[in-house]
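S.K.: my_file_9.cif is reproduced in full below (mmCIF, C-alpha atoms).
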data_structure
loop_
_atom_site.group_PDB
_atom_site.id
_atom_site.type_symbol
_atom_site.label_atom_id
_atom_site.label_comp_id
_atom_site.auth_asym_id
_atom_site.auth_seq_id
_atom_site.Cartn_x
_atom_site.Cartn_y
_atom_site.Cartn_z
ATOM 1 C CA MET A 8 1.366 8.134 4.316
ATOM 2 C CA ALA A 9 4.955 7.831 5.575
ATOM 3 C CA VAL A 10 7.306 10.749 5.996
ATOM 4 C CA VAL A 11 10.857 10.518 4.629
ATOM 5 C CA ASP A 12 13.378 10.921 7.468
ATOM 6 C CA HIS A 13 17.028 10.145 6.832
ATOM 7 C CA SER A 14 18.170 10.573 10.457
ATOM 8 C CA LEU A 15 17.997 6.905 11.376
ATOM 9 C CA ASP A 16 19.347 5.017 14.389
ATOM 10 C CA VAL A 17 20.189 1.358 14.939
ATOM 11 C CA GLY A 18 16.999 -0.502 15.823
ATOM 12 C CA ASP A 19 14.698 1.813 13.858
ATOM 13 C CA ASP A 20 11.959 0.203 11.806
ATOM 14 C CA VAL A 21 12.118 1.234 8.164
ATOM 15 C CA HIS A 22 10.346 0.617 4.886
ATOM 16 C CA VAL A 23 12.374 -0.354 1.832
ATOM 17 C CA ILE A 24 11.207 1.994 -0.911
ATOM 18 C CA ALA A 25 13.358 0.868 -3.859
ATOM 19 C CA GLY A 26 15.440 -2.021 -5.128
ATOM 20 C CA PRO A 27 14.835 -5.772 -5.012
ATOM 21 C CA HIS A 28 13.513 -5.645 -1.418
ATOM 22 C CA GLN A 29 11.022 -2.836 -2.151
ATOM 23 C CA GLY A 30 7.887 -3.076 -0.060
ATOM 24 C CA HIS A 31 9.550 -4.977 2.794
ATOM 25 C CA ARG A 32 9.754 -3.779 6.347
ATOM 26 C CA ALA A 33 13.203 -3.921 7.884
ATOM 27 C CA THR A 34 15.166 -3.011 11.002
ATOM 28 C CA VAL A 35 18.395 -1.005 10.882
ATOM 29 C CA VAL A 36 21.277 -3.113 12.265
ATOM 30 C CA GLN A 37 24.182 -0.870 11.262
ATOM 31 C CA LEU A 38 24.250 2.700 10.021
ATOM 32 C CA ALA A 39 26.308 3.800 7.055
ATOM 33 C CA GLU A 40 29.690 5.278 7.854
ATOM 34 C CA PRO A 41 29.696 9.097 7.680
ATOM 35 C CA THR A 42 31.313 8.915 4.235
ATOM 36 C CA GLY A 43 29.413 5.795 3.204
ATOM 37 C CA SER A 44 26.151 5.501 1.348
ATOM 38 C CA ARG A 45 24.678 2.208 2.584
ATOM 39 C CA HIS A 46 22.889 1.145 5.760
ATOM 40 C CA THR A 47 22.763 -2.505 6.818
ATOM 41 C CA VAL A 48 19.205 -3.639 7.523
ATOM 42 C CA ARG A 49 17.514 -6.934 8.427
ATOM 43 C CA CYS A 50 14.410 -7.471 6.308
ATOM 44 C CA GLU A 51 11.231 -9.095 7.591
ATOM 45 C CA ASP A 52 12.152 -12.266 5.656
ATOM 46 C CA GLY A 53 15.338 -12.582 7.755
ATOM 47 C CA GLN A 54 17.801 -11.450 5.081
ATOM 48 C CA THR A 55 20.449 -8.939 6.110
ATOM 49 C CA VAL A 56 21.240 -6.580 3.253
ATOM 50 C CA ARG A 57 23.091 -3.331 2.623
ATOM 51 C CA LEU A 58 20.851 -0.700 1.089
ATOM 52 C CA SER A 59 21.494 2.796 -0.174
ATOM 53 C CA LYS A 60 20.381 5.533 2.228
ATOM 54 C CA VAL A 61 17.855 6.686 -0.357
ATOM 55 C CA HIS A 62 16.259 3.217 -0.530
ATOM 56 C CA VAL A 63 14.997 3.196 3.068
ATOM 57 C CA GLN A 64 12.757 5.536 5.015
ATOM 58 C CA ARG A 65 11.741 5.544 8.666
ATOM 59 C CA ALA A 66 8.432 3.858 9.307
ATOM 60 C CA VAL A 67 6.299 6.736 10.622
ATOM 61 C CA PRO A 68 2.640 6.042 11.250
ATOM 62 C CA ALA A 69 0.078 8.113 9.369
ATOM 63 C CA ARG A 70 -1.466 10.984 11.287
#
Can you turn what I pasted into structure tokens?
M.R.:
Amino acid sequence: MAVVDHSLDVGDDVHVIAGPHQGHRATVVQLAEPTGSRHTVRCEDGQTVRLSKVHVQRAVPAR
């Protein structure tokens, strides 16, 4: 089971946990501005989308 971690960096692998891309794996390409609410991520299907911070979580392997 994955652990929710909102301290992401560019290049981190994430899981999309809500919205139309739910279930996809993605890579963070741009972090949200400090006052912003959306990260830019590139999904496994090649689409680059802006997703709310609460719609992505770091991909952490199960222990």
S.K.: Which polymer residues have any atom within 6 Å of an atom of A:His22, counting only C-alpha atoms, with same-chain residues fewer than 5 positions away left out, as number ranges by chain?
M.R.: A: 32, 63-64, 66
S.K.: Run the PyMOL selection byres ((chain A and resi 23) around 8) against the file shown and list the residues it catches, as an NGL selection string.
M.R.: :A and (21-22 or 24-26 or 28-33 or 62-64)
S.K.: Around the point (23.7, -0.9, 5.0) in the file's coordinates, collect all residues with an atom within 10 Å, using all atoms listed in the file, and return them as a ChimeraX atom specification.
M.R.: /A:35-40,43-49,55-60,63
S.K.: Could you write out as a list of chain:residue names the residues that the PyMOL selection byres ((chain A and resi 19) around 6) matches in the shown file?
M.R.: A:Asp16, A:Val17, A:Gly18, A:Asp20, A:Thr34, A:Val35
